[in-house]
Amino acid sequence: MVLLVAAGPVTAQEPLPPLLSSGLPGEVTADRLPMPADPDLRLGRNIWQANCQYCHGTGLAGAPKITDRRAWAPRLAAGVEKLFERTKNGFIGAGGAEMPPRGGASSLSDDEIKSALVYMIANSSDGPTAR
Ligand code: HEC
């Protein structure tokens, strides 16, 4: 918690891409995205940066890239609970791309991976969880 507070306010360096765009160009690190005001989303940001950014910041191995609303929209249609289940248990897509269980970070709690998921969704949609 101290760390989160110490991080202080950071402003967005780039505007978020519009609905159904394919997202920011290049590798999208958490540093390029707005610092969330909500403490849960801040936790999610830290978890995401440490455990999910490696694949979901670059689109590595077929991972849907954060901010790529076009890639996320059909996945979001399945609902957040379905996406959470796949985050927990892992998932192999139709094209054979593999999402490892918990993004490979087996020591993370359910709450931690859920916060990372919500952070990723918030930056990849205009849905109810978007800020
Ligand atoms: C080693 C690379 C890798 C890491 C690390 C990783 N993912 Fe993924 N993830 C993937 C790939 C690849 C896919 C796409 C699978 C497909 O649809 O073909 C994916 C898909 C997803 C999906 C979409 C599932 C669906 O139903 O379409 C969610 C949600 C997700 N990841 C969440 C996370 C979260 C949260 C983390 C961090 C805790 C994380 N991932 C870490 C590779 C990764």
# chains A, B, ... in the order shown; residues from 1 in each chain; ligands from 1
>>> residues_around(residues="Arg45 (chain A)", least_positions_apart="5", cutoff="12 Å", atoms="only C-alpha atoms", output="PyMOL selection string")
chain A and resi 4+7+29-40+50-53+66+112-123
>>> residues_near_ligand(ligand="ligand 1", cutoff="7 Å", atoms="only C-alpha atoms and all ligand atoms", output="PyMOL selection string")
chain A and resi 47-48+51-56+60-64+75+82-84+86-87+91-100+102-105+113-114+116-117
>>> closest_residue(among="A:Asp126, A:Asp111, A:Glu27, A:Glu81", to="Gly57 (chain A)", atoms="only C-alpha atoms")
A:Glu27
>>> closest_residue(among="A:Leu24, A:Gln49, A:Ser124, A:Leu41", to="Pro74 (chain A)", atoms="only C-alpha atoms")
A:Ser124
>>> residues_around(residues="Asp68 (chain A)", least_positions_apart="2", cutoff="6 Å", atoms="only C-alpha atoms", output="MDAnalysis selection string")
chainID A and resid 22:23 65:66 70:71 124
>>> write_last_selection(atoms="C-alpha atoms", output="PDB file, in the first residue's frame")
ATOM      1  CA  SER A  22      -6.449  -1.604 -32.793  1.00  0.00           C
ATOM      2  CA  GLY A  23      -4.775   0.248 -29.959  1.00  0.00           C
ATOM      3  CA  LYS A  65      -2.707  -6.451 -26.738  1.00  0.00           C
ATOM      4  CA  ILE A  66      -3.861  -4.012 -24.068  1.00  0.00           C
ATOM      5  CA  ARG A  70     -10.792  -4.578 -31.743  1.00  0.00           C
ATOM      6  CA  ALA A  71      -9.071  -7.671 -30.323  1.00  0.00           C
ATOM      7  CA  SER A 124      -9.107  -2.078 -23.668  1.00  0.00           C
TER       8      SER A 124
END
>>> atom_distance(atom1="CA of Leu108 (chain A)", atom2="CA of Pro25 (chain A)")
29.2 Å
>>> closest_residue(among="A:Ser125, A:Thr67, A:Asn46, A:Ser21", to="Val80 (chain A)", atoms="only C-alpha atoms")
A:Ser125
>>> select_by_dssp(residues="region 60-91 of chain A", states="helix (DSSP H, G or I)", output="mmCIF file with N, CA and C atoms, in the first residue's frame")
data_model
loop_
_atom_site.group_PDB
_atom_site.id
_atom_site.type_symbol
_atom_site.label_atom_id
_atom_site.label_comp_id
_atom_site.auth_asym_id
_atom_site.auth_seq_id
_atom_site.Cartn_x
_atom_site.Cartn_y
_atom_site.Cartn_z
ATOM 1 N N LEU A 60 2.541 -10.653 -27.887
ATOM 2 C CA LEU A 60 3.425 -11.814 -28.035
ATOM 3 C C LEU A 60 2.621 -13.105 -28.145
ATOM 4 N N ALA A 61 3.016 -13.940 -29.058
ATOM 5 C CA ALA A 61 2.432 -15.285 -29.202
ATOM 6 C C ALA A 61 0.920 -15.258 -29.399
ATOM 7 N N GLY A 62 0.406 -14.159 -29.973
ATOM 8 C CA GLY A 62 -1.029 -14.094 -30.238
ATOM 9 C C GLY A 62 -1.865 -13.561 -29.089
ATOM 10 N N ARG A 69 -8.823 -2.504 -28.725
ATOM 11 C CA ARG A 69 -10.252 -2.749 -28.489
ATOM 12 C C ARG A 69 -10.839 -3.710 -29.505
ATOM 13 N N ARG A 70 -10.289 -3.677 -30.700
ATOM 14 C CA ARG A 70 -10.792 -4.578 -31.743
ATOM 15 C C ARG A 70 -10.545 -6.036 -31.332
ATOM 16 N N ALA A 71 -9.385 -6.301 -30.747
ATOM 17 C CA ALA A 71 -9.071 -7.671 -30.323
ATOM 18 C C ALA A 71 -9.854 -8.064 -29.069
ATOM 19 N N TRP A 72 -10.122 -7.076 -28.211
ATOM 20 C CA TRP A 72 -10.772 -7.402 -26.931
ATOM 21 C C TRP A 72 -12.288 -7.480 -27.027
ATOM 22 N N ALA A 73 -12.896 -6.735 -27.944
ATOM 23 C CA ALA A 73 -14.368 -6.671 -27.977
ATOM 24 C C ALA A 73 -15.031 -8.054 -28.053
ATOM 25 N N PRO A 74 -14.603 -8.933 -28.980
ATOM 26 C CA PRO A 74 -15.266 -10.248 -29.024
ATOM 27 C C PRO A 74 -14.994 -11.091 -27.782
ATOM 28 N N ARG A 75 -13.848 -10.904 -27.154
ATOM 29 C CA ARG A 75 -13.524 -11.661 -25.937
ATOM 30 C C ARG A 75 -14.384 -11.165 -24.779
ATOM 31 N N LEU A 76 -14.558 -9.847 -24.716
ATOM 32 C CA LEU A 76 -15.363 -9.263 -23.647
ATOM 33 C C LEU A 76 -16.819 -9.698 -23.742
ATOM 34 N N VAL A 80 -16.911 -10.961 -18.150
ATOM 35 C CA VAL A 80 -15.712 -10.858 -17.318
ATOM 36 C C VAL A 80 -15.461 -12.159 -16.553
ATOM 37 N N GLU A 81 -16.544 -12.818 -16.093
ATOM 38 C CA GLU A 81 -16.349 -14.055 -15.319
ATOM 39 C C GLU A 81 -15.672 -15.135 -16.160
ATOM 40 N N LYS A 82 -16.058 -15.218 -17.435
ATOM 41 C CA LYS A 82 -15.444 -16.201 -18.327
ATOM 42 C C LYS A 82 -13.958 -15.860 -18.523
ATOM 43 N N LEU A 83 -13.678 -14.583 -18.705
ATOM 44 C CA LEU A 83 -12.281 -14.181 -18.907
ATOM 45 C C LEU A 83 -11.460 -14.442 -17.641
ATOM 46 N N PHE A 84 -12.098 -14.241 -16.487
ATOM 47 C CA PHE A 84 -11.407 -14.508 -15.212
ATOM 48 C C PHE A 84 -11.103 -16.006 -15.093
ATOM 49 N N GLU A 85 -12.066 -16.825 -15.435
ATOM 50 C CA GLU A 85 -11.867 -18.280 -15.376
ATOM 51 C C GLU A 85 -10.693 -18.687 -16.277
ATOM 52 N N ARG A 86 -10.634 -18.093 -17.460
ATOM 53 C CA ARG A 86 -9.545 -18.431 -18.390
ATOM 54 C C ARG A 86 -8.205 -17.886 -17.906
ATOM 55 N N THR A 87 -8.244 -16.760 -17.218
ATOM 56 C CA THR A 87 -7.013 -16.222 -16.644
ATOM 57 C C THR A 87 -6.492 -17.180 -15.567
ATOM 58 N N LYS A 88 -7.406 -17.689 -14.761
ATOM 59 C CA LYS A 88 -7.018 -18.599 -13.675
ATOM 60 C C LYS A 88 -6.527 -19.939 -14.200
ATOM 61 N N ASN A 89 -7.281 -20.505 -15.122
ATOM 62 C CA ASN A 89 -7.030 -21.886 -15.529
ATOM 63 C C ASN A 89 -6.210 -22.011 -16.801
#
>>> select_by_dssp(residues="chain A", states="strand (DSSP E or B)", output="ChimeraX atom specification")
/A:91-92,98-99
>>> decode(residues="chain A", atoms="C-alpha atoms", output="compact mmCIF listing (two decimals), in the first residue's frame")
# COMPACT_ATOMS: atom_id res chain seq x y z
CA MET A 1 0.00 0.00 0.00
CA VAL A 2 2.82 2.38 0.89
CA LEU A 3 4.28 1.77 -2.53
CA LEU A 4 0.99 2.57 -4.20
CA VAL A 5 0.67 5.84 -2.33
CA ALA A 6 4.31 6.70 -2.94
CA ALA A 7 3.78 6.26 -6.67
CA GLY A 8 1.90 9.56 -6.61
CA PRO A 9 -0.19 11.06 -9.36
CA VAL A 10 1.01 10.42 -12.88
CA THR A 11 -0.71 11.87 -15.89
CA ALA A 12 -1.37 10.08 -19.14
CA GLN A 13 1.38 10.53 -21.68
CA GLU A 14 -0.76 9.55 -24.62
CA PRO A 15 -4.49 9.74 -25.30
CA LEU A 16 -6.32 6.42 -25.16
CA PRO A 17 -7.25 5.11 -28.59
CA PRO A 18 -10.86 5.37 -29.73
CA LEU A 19 -13.42 2.59 -29.64
CA LEU A 20 -12.64 -0.31 -31.96
CA SER A 21 -9.23 0.93 -32.90
CA SER A 22 -6.45 -1.60 -32.79
CA GLY A 23 -4.77 0.25 -29.96
CA LEU A 24 -1.60 2.17 -29.31
CA PRO A 25 1.25 1.36 -31.70
CA GLY A 26 4.27 -0.65 -30.61
CA GLU A 27 4.80 -2.14 -27.18
CA VAL A 28 2.25 -0.83 -24.72
CA THR A 29 3.72 -0.63 -21.22
CA ALA A 30 1.77 0.47 -18.14
CA ASP A 31 3.94 3.61 -18.15
CA ARG A 32 2.24 4.73 -21.37
CA LEU A 33 -1.25 4.43 -19.86
CA PRO A 34 -3.03 6.70 -17.37
CA MET A 35 -2.32 6.01 -13.70
CA PRO A 36 -5.69 4.92 -12.29
CA ALA A 37 -7.13 6.86 -9.35
CA ASP A 38 -8.92 3.80 -7.99
CA PRO A 39 -6.68 1.87 -5.52
CA ASP A 40 -7.90 -1.53 -6.79
CA LEU A 41 -7.00 -0.57 -10.34
CA ARG A 42 -3.63 0.69 -9.14
CA LEU A 43 -2.96 -2.68 -7.60
CA GLY A 44 -4.12 -4.24 -10.85
CA ARG A 45 -1.74 -2.02 -12.77
CA ASN A 46 1.22 -3.21 -10.69
CA ILE A 47 0.25 -6.86 -11.01
CA TRP A 48 -0.35 -6.43 -14.74
CA GLN A 49 2.97 -4.66 -15.28
CA ALA A 50 4.90 -7.40 -13.48
CA ASN A 51 3.05 -10.44 -14.82
CA CYS A 52 0.99 -9.76 -17.93
CA GLN A 53 2.70 -6.89 -19.75
CA TYR A 54 5.36 -9.19 -21.16
CA CYS A 55 2.79 -10.82 -23.47
CA HIS A 56 -0.21 -8.49 -23.38
CA GLY A 57 1.85 -5.34 -23.94
CA THR A 58 3.32 -6.65 -27.15
CA GLY A 59 0.79 -9.14 -28.50
CA LEU A 60 3.43 -11.81 -28.03
CA ALA A 61 2.43 -15.29 -29.20
CA GLY A 62 -1.03 -14.09 -30.24
CA ALA A 63 -1.96 -12.45 -26.93
CA PRO A 64 -4.59 -9.70 -27.33
CA LYS A 65 -2.71 -6.45 -26.74
CA ILE A 66 -3.86 -4.01 -24.07
CA THR A 67 -5.66 -0.99 -25.66
CA ASP A 68 -6.52 -3.10 -28.75
CA ARG A 69 -10.25 -2.75 -28.49
CA ARG A 70 -10.79 -4.58 -31.74
CA ALA A 71 -9.07 -7.67 -30.32
CA TRP A 72 -10.77 -7.40 -26.93
CA ALA A 73 -14.37 -6.67 -27.98
CA PRO A 74 -15.27 -10.25 -29.02
CA ARG A 75 -13.52 -11.66 -25.94
CA LEU A 76 -15.36 -9.26 -23.65
CA ALA A 77 -18.62 -10.46 -25.15
CA ALA A 78 -18.04 -13.71 -23.23
CA GLY A 79 -18.25 -11.76 -19.97
CA VAL A 80 -15.71 -10.86 -17.32
CA GLU A 81 -16.35 -14.06 -15.32
CA LYS A 82 -15.44 -16.20 -18.33
CA LEU A 83 -12.28 -14.18 -18.91
CA PHE A 84 -11.41 -14.51 -15.21
CA GLU A 85 -11.87 -18.28 -15.38
CA ARG A 86 -9.55 -18.43 -18.39
CA THR A 87 -7.01 -16.22 -16.64
CA LYS A 88 -7.02 -18.60 -13.68
CA ASN A 89 -7.03 -21.89 -15.53
CA GLY A 90 -5.28 -20.94 -18.75
CA PHE A 91 -6.68 -21.18 -22.22
CA ILE A 92 -5.67 -22.30 -25.69
CA GLY A 93 -7.31 -20.25 -28.44
CA ALA A 94 -8.67 -21.56 -31.74
CA GLY A 95 -5.39 -20.63 -33.43
CA GLY A 96 -3.37 -22.63 -30.90
CA ALA A 97 -2.05 -19.59 -28.97
CA GLU A 98 -1.61 -20.41 -25.29
CA MET A 99 -2.55 -18.30 -22.32
CA PRO A 100 -0.78 -19.98 -19.38
CA PRO A 101 -2.73 -20.43 -16.10
CA ARG A 102 -2.41 -17.18 -14.06
CA GLY A 103 -0.17 -15.84 -16.80
CA GLY A 104 2.47 -18.22 -15.45
CA ALA A 105 2.56 -16.46 -12.07
CA SER A 106 1.29 -19.34 -9.93
CA SER A 107 1.89 -17.52 -6.64
CA LEU A 108 -0.64 -14.78 -7.42
CA SER A 109 -3.95 -14.87 -5.52
CA ASP A 110 -7.31 -14.87 -7.28
CA ASP A 111 -7.83 -11.25 -6.21
CA GLU A 112 -4.47 -10.25 -7.65
CA ILE A 113 -5.04 -11.79 -11.06
CA LYS A 114 -8.57 -10.43 -11.11
CA SER A 115 -7.28 -6.91 -10.45
CA ALA A 116 -4.79 -7.30 -13.32
CA LEU A 117 -7.58 -8.54 -15.57
CA VAL A 118 -9.84 -5.62 -14.66
CA TYR A 119 -6.99 -3.18 -15.30
CA MET A 120 -6.39 -4.71 -18.74
CA ILE A 121 -10.11 -4.59 -19.59
CA ALA A 122 -10.42 -1.02 -18.35
CA ASN A 123 -7.73 -0.01 -20.83
CA SER A 124 -9.11 -2.08 -23.67
CA SER A 125 -12.82 -1.27 -23.71
CA ASP A 126 -15.46 1.35 -23.31
CA GLY A 127 -17.53 -1.06 -21.28
CA PRO A 128 -18.79 -0.67 -17.72
CA THR A 129 -15.37 -1.32 -16.23
CA ALA A 130 -13.62 1.31 -18.34
CA ARG A 131 -12.49 4.46 -16.56
